[in-house]
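Notes follow the structure.
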Amino acid sequence: GAIRTGDRKISWNLTIGGRRESLVHLPASWMYEKKLPSQKYVSPRLDARVSGEVVVDGETWTLDAWPALLGHNWGSKHTPLYLWVHCNSWNNGEDVVFEAVSGKPAIGPFMTPKLLSSFYVRHRGVRYDMNGAAVTFGASSRLDERGDPKKWAFRAHDALARIEGEVSCAKSRFVGLYYSNPSGPITHCLNSKLATIRLSLALSGRPPFEVRSERAAFEIGTHRAN
């Protein structure tokens, strides 16, 4: 495909490979079939590898099994405030895939008082899905959206895993866009593929360890235009 805006052009010819595992975020199938929750998440290819060429204004980039994600979200309207992060490319090359969502869903005219969160870890092919009610309501999730860099700190645990981490990104490394909801106010979005992440993991049967990256995908969605 190709896109041109004025005298600028980007084109690509890519193939998507890698592991075929998908990630279904919501814990029950009826949540995808009913009106609530209003925003649905799924990652059809959680740990993809992309190869081929991308040409930006005449400069060719050759991609050889670059770590990637194929994700999708949809619904009648976006959550009034939500956070999302994904990373599968770490500085030490550790085989970890991490994805998390956190948000304040609307209940009538009001938002929930705290961020409700779900966390997903794949370590050497072993799944740790922390999306049960106890984790969702009990996890710690804090967003500093006024500073620069913007930071999201989180902490959660269940019977098999304990995680603690922080994602941060300077304003200059975000792209701003918006989603036109079918009903209700516009969702303003900040998105980066260059966020910094630090993740501490204590997984069942394994010694604790920490991973870091400057290549995390990080998105903030809000109804606030500023």
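Residues are named by chain letter and number: chains run A, B, ... in the order of the structure tokens, numbers start at 1 in each chain, and ligands are numbered from 1 in the order shown.
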
Exercise. Could you name the residues that touch range 64-78 of chain A at 9 Å or less, counting only C-alpha atoms, but leaving out those on the same chain fewer than 5 positions away, as number ranges by chain?
Worked result: A: 16-18, 23, 35, 37-53, 86-89, 105, 179-184, 186-187, 221-222

Please produce an output containing N, CA and C atoms for each residue in the selection, written as a tab-separated table (two decimals), in the first residue's frame.
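The file below, out.tsv, is the result:
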chain	number	residue	atom	x	y	z
A	16	ILE	N	3.60	-10.52	7.43
A	16	ILE	CA	3.50	-10.66	8.88
A	16	ILE	C	3.64	-12.14	9.23
A	17	GLY	N	4.67	-12.46	10.01
A	17	GLY	CA	4.88	-13.82	10.49
A	17	GLY	C	4.96	-13.86	12.00
A	18	GLY	N	5.73	-14.78	12.52
A	18	GLY	CA	5.89	-14.89	13.96
A	18	GLY	C	4.87	-15.83	14.59
A	23	LEU	N	-4.55	-12.76	21.60
A	23	LEU	CA	-4.90	-12.39	22.96
A	23	LEU	C	-6.30	-11.79	22.96
A	35	LYS	N	-23.68	-5.08	24.41
A	35	LYS	CA	-23.32	-3.66	24.27
A	35	LYS	C	-22.26	-3.24	25.27
A	37	PRO	N	-19.03	-4.30	27.83
A	37	PRO	CA	-18.46	-2.94	27.80
A	37	PRO	C	-18.48	-2.34	26.40
A	38	SER	N	-18.46	-1.03	26.33
A	38	SER	CA	-18.62	-0.35	25.04
A	38	SER	C	-17.38	-0.41	24.17
A	39	GLN	N	-16.22	-0.69	24.76
A	39	GLN	CA	-14.97	-0.78	23.99
A	39	GLN	C	-14.42	-2.19	24.11
A	40	LYS	N	-14.14	-2.82	22.96
A	40	LYS	CA	-13.65	-4.19	22.92
A	40	LYS	C	-12.18	-4.19	22.47
A	41	TYR	N	-11.39	-5.09	23.05
A	41	TYR	CA	-9.98	-5.22	22.69
A	41	TYR	C	-9.69	-6.65	22.27
A	42	VAL	N	-8.83	-6.79	21.27
A	42	VAL	CA	-8.29	-8.10	20.91
A	42	VAL	C	-6.98	-7.88	20.17
A	43	SER	N	-6.03	-8.79	20.35
A	43	SER	CA	-4.76	-8.74	19.63
A	43	SER	C	-4.63	-10.03	18.83
A	44	PRO	N	-5.02	-10.02	17.55
A	44	PRO	CA	-4.99	-11.24	16.74
A	44	PRO	C	-3.60	-11.86	16.59
A	45	ARG	N	-2.55	-11.03	16.61
A	45	ARG	CA	-1.18	-11.55	16.53
A	45	ARG	C	-0.36	-10.81	17.59
A	46	LEU	N	-0.21	-11.46	18.75
A	46	LEU	CA	0.36	-10.81	19.92
A	46	LEU	C	1.87	-10.59	19.79
A	47	ASP	N	2.55	-11.51	19.13
A	47	ASP	CA	4.02	-11.45	19.03
A	47	ASP	C	4.42	-11.71	17.59
A	48	ALA	N	4.12	-10.74	16.71
A	48	ALA	CA	4.36	-10.90	15.28
A	48	ALA	C	5.80	-10.54	14.91
A	49	ARG	N	6.18	-10.92	13.70
A	49	ARG	CA	7.44	-10.51	13.08
A	49	ARG	C	7.15	-10.02	11.68
A	50	VAL	N	7.63	-8.82	11.37
A	50	VAL	CA	7.31	-8.19	10.10
A	50	VAL	C	8.57	-8.07	9.26
A	51	SER	N	8.46	-8.46	8.00
A	51	SER	CA	9.59	-8.38	7.06
A	51	SER	C	9.13	-7.72	5.77
A	52	GLY	N	10.07	-7.07	5.09
A	52	GLY	CA	9.77	-6.41	3.82
A	52	GLY	C	10.42	-5.05	3.73
A	53	GLU	N	9.76	-4.13	3.03
A	53	GLU	CA	10.30	-2.79	2.82
A	53	GLU	C	9.27	-1.71	3.14
A	86	HIS	N	2.09	-2.13	25.07
A	86	HIS	CA	2.53	-3.42	24.54
A	86	HIS	C	4.03	-3.36	24.31
A	87	CYS	N	4.73	-4.44	24.65
A	87	CYS	CA	6.16	-4.52	24.34
A	87	CYS	C	6.55	-5.98	24.14
A	88	ASN	N	7.27	-6.25	23.06
A	88	ASN	CA	7.85	-7.58	22.82
A	88	ASN	C	9.28	-7.47	22.28
A	89	SER	N	9.94	-6.34	22.59
A	89	SER	CA	11.32	-6.11	22.16
A	89	SER	C	12.07	-5.48	23.32
A	105	PRO	N	-14.10	3.10	33.09
A	105	PRO	CA	-15.35	2.99	32.32
A	105	PRO	C	-16.41	3.93	32.87
A	179	TYR	N	-10.43	9.88	17.91
A	179	TYR	CA	-11.43	8.91	17.48
A	179	TYR	C	-12.80	9.58	17.54
A	180	SER	N	-13.52	9.55	16.44
A	180	SER	CA	-14.88	10.08	16.42
A	180	SER	C	-15.84	8.99	16.89
A	181	ASN	N	-16.28	9.06	18.12
A	181	ASN	CA	-17.20	8.07	18.65
A	181	ASN	C	-18.58	8.21	17.98
A	182	PRO	N	-19.27	7.09	17.70
A	182	PRO	CA	-20.61	7.18	17.12
A	182	PRO	C	-21.56	8.02	17.96
A	183	SER	N	-21.37	7.99	19.29
A	183	SER	CA	-22.17	8.84	20.17
A	183	SER	C	-21.26	9.35	21.28
A	184	GLY	N	-21.53	10.57	21.73
A	184	GLY	CA	-20.73	11.11	22.81
A	184	GLY	C	-19.56	11.93	22.32
A	186	ILE	N	-15.66	13.33	21.47
A	186	ILE	CA	-14.50	12.78	20.77
A	186	ILE	C	-13.49	12.25	21.78
A	187	THR	N	-12.84	11.14	21.44
A	187	THR	CA	-11.74	10.62	22.25
A	187	THR	C	-10.42	11.13	21.67
A	221	GLY	N	-5.88	7.49	25.99
A	221	GLY	CA	-7.12	7.99	25.39
A	221	GLY	C	-7.92	8.74	26.44
A	222	THR	N	-8.44	9.92	26.07
A	222	THR	CA	-9.16	10.75	27.03
A	222	THR	C	-10.16	11.63	26.31

Problem set entry | Long-range neighbours of Ile107 in chain A as a list in words, 12 Å cut-off, only C-alpha atoms, 4 positions minimum in chain | Leu36, Pro37, Ser38, Thr79, Pro80, Met111, Thr112 and Pro113 of chain A

Exercise. DSSP says alpha helix (DSSP H) for which residues of range 26-211 of chain A? Put them as a list in words?
Worked result: Trp30, Met31, Tyr32, Glu33, Ala133, Ala134, Val135, Thr136, Phe137 and Gly138 of chain A

Just C-alpha atoms for this one: save the residues we selected as a compact mmCIF listing (two decimals), in the first residue's frame.
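In the end it all went to result13.txt:
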# COMPACT_ATOMS: atom_id res chain seq x y z
CA TRP A 30 -20.60 -12.45 26.22
CA MET A 31 -18.65 -9.24 26.83
CA TYR A 32 -17.81 -9.19 23.10
CA GLU A 33 -21.40 -9.95 22.07
CA ALA A 133 -12.11 -9.56 38.94
CA ALA A 134 -9.76 -9.68 41.96
CA VAL A 135 -6.80 -8.44 39.89
CA THR A 136 -8.86 -5.94 37.87
CA PHE A 137 -10.25 -4.21 40.94
CA GLY A 138 -7.23 -4.74 43.22

Problem set entry | Nearest-residue call for Val126 in chain A, choices A:Pro27, A:Gly205, A:Pro185, A:Pro109, using only C-alpha atoms |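 Distance minimum relative to Val126 in chain A lands on A:Gly205.
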
Exercise. Among chain A, which ones does DSSP place in strand (DSSP E), written as a PyMOL selection string?
Worked result: chain A and resi 2-5+8-18+23-24+39-56+59-75+81-87+96-104+106-107+110-111+116-123+126-130+140-144+150-157+161-169+175-179+187-203+209-222

For this session: Kindly give the distance, in Å, that separates CA of Phe98 in chain A and CA of Val54 in chain A, rounded to a single decimal.
Result: 25.9 Å

Exercise. Taking only C-alpha atoms into account, which of A:Ala225, A:Leu190, A:Ser213, A:Ile220 comes nearest Lys104 in chain A?
Worked result: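 Of all the options, A:Ile220 lies closest to Lys104 in chain A.
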
For this session: Write out as a list in words the residues lying within 6 Å of Trp84 in chain A, counting only C-alpha atoms and excluding same-chain residues fewer than 5 positions away.
Result: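 With the cut-off at 6 Å, the set is Ala100, Val101, Phe218 and Glu219 of chain A.
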